[in-house]
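Heads up, the thing below is written out as structure tokens.
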Amino acid sequence: MAITRAQINKELVPGLNALFGLEYAKYAEEHKEIYETETSDKAYEEEVKLSGFGPAPNKPEGESIQFDEAMEVYTARYVHETVALAFAITEEAMEDNLYDSLSARYTKALARSMAHTKQVKAAAVLNHAFDPLYPGGDGQPLISASHPMSGSGVISNAGTADLADVSLQAAVTQMATWTDERGLLVAAKPKKLVVTASDGFNAARLLESQYRPGTADNDINVLWTNGVIPQGYTINHYLTDPDAWFIITDVGNGLKHFQRAPLKTGSESDFDTGNIRYRARERYSFGFSDPLGIYGSPGAP
């Protein structure tokens with residue numbers, strides 16, 4: 001379908017004072033606050049988690065040294081999606097001195113739609129973080145209390161409480177106990193808090209107050225004093241659960257964004273109709289490899 005003069009008849013009337021609805025501001029590229037971005041030149045990307053060695057055992061005098069084995073644990077796959085949108089304007093509308101205004105106005109709207117779609121897809125990884133229908137390479141969702149370890153047991157990157165100083169402290173304490181596949185401590189530390197718009201003010205009080213917020217005593221705010229979360233907090237406006245919150249950690253290869261083809265726009269004239277067609281296209285993927293790259297809580301039940 002093309003944009004016809006009947007659809008924009010008010011724009012043909014002399015004396016029109018204003019047009020509105022397409023010039024809203026948009027949020028920044030909020031995915032850059034959460035994801036590591038890499039480029040890709042393949043149809044999909046795979047990342048393999050490896051198991052190292054366990055603690056070194058004692059070697060009794062005169063006896064043989066013990067051998068250990070390393071192995072591949074699981075594979076995380078990123079399948080790129082193609083996102084594209086187009087519109088067309090009839091030849092007649094172009095002839096009625098509307099080319100400049102229509103093309104400028106609706107190409108901006110096209111870019112806004114593409115930008116919005118990318119942020120929705122980026123946030124979807126966190127919006128599905130607790131859902132077992134969206135498992136990662138280890139068979140568990142991104143945030144789970146039961147990530148299996150190849151040595152034995154499970155490891156948790158999940159909380160169950162609302163955002164508060166005690167729940168943040170509990171999260172940091174839990175990270176300090178994280179181990180690799182063979183039980184060696186990984187020394188994980190928090191980097192950045194990710195919250196919804198409804199928790200933004202709460203996050204500011206928790207991380208930027210010198211004294212403990214919400215109490216009548218004079219306790220210091222250890223989160224602020226010790227710089228526990230050095231990169232502060234970021235608000236993601238595309239998260240759908242108002243109670244959910246996340247902490248990005250310094251564990252590498254966590255949340256990943258692969259850019260296969262950058263945003264590209266173009267226009268052309270259709271020979272049969274004379275319509276001018278405009279299009280935008282981008283190809284990328286969002287996902288995660290190591291779930292220890294993030295800690296999360298859906299909030300209290």
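Order determines the names: the first chain of the structure tokens is A, the second B, and so forth; residues in each chain are numbered 1 upward, and ligands are numbered 1 upward as they are shown.
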Task: 7 Å contact set for segment 206-210 of chain A, only C-alpha atoms, chain neighbours under 5 positions out, as a count of residues only - done: 7
- [ ] Name all residues at most 8 Å from segment 31-33 of chain A (count only C-alpha atoms; drop same-chain ones fewer than 6 positions away) and give them as a ChimeraX atom specification.
- [x] /A:119,122-123,234
Per residue of segment 174-269 of chain A within 12 Å of segment 56-70 of chain A, note the shortest atom pair and the distance in Å to one decimal, counting only C-alpha atoms, and order the rows by chain and increasing residue number, as CSV.
residue,atom,partner,partner_atom,distance
A:Glu181,CA,A:Ala70,CA,10.2
A:Arg182,CA,A:Ala70,CA,9.7
A:Gly183,CA,A:Ala56,CA,11.5
A:Leu184,CA,A:Ala56,CA,10.6
Open item on the list: Which residues are close to Trp178 of chain A, i.e. within 10 Å by only C-alpha atoms, leaving aside same-chain residues fewer than 3 positions away? Reply as a VMD selection string.
Closed with: chain A and resid 155 to 157 173 to 175 181 183 to 188 292
- [ ] Tell me which of A:Ser40, A:Ser198, A:Asn253, A:Asn226 sits closest to Val79 of chain A, counting only C-alpha atoms.
- [x] A:Ser40
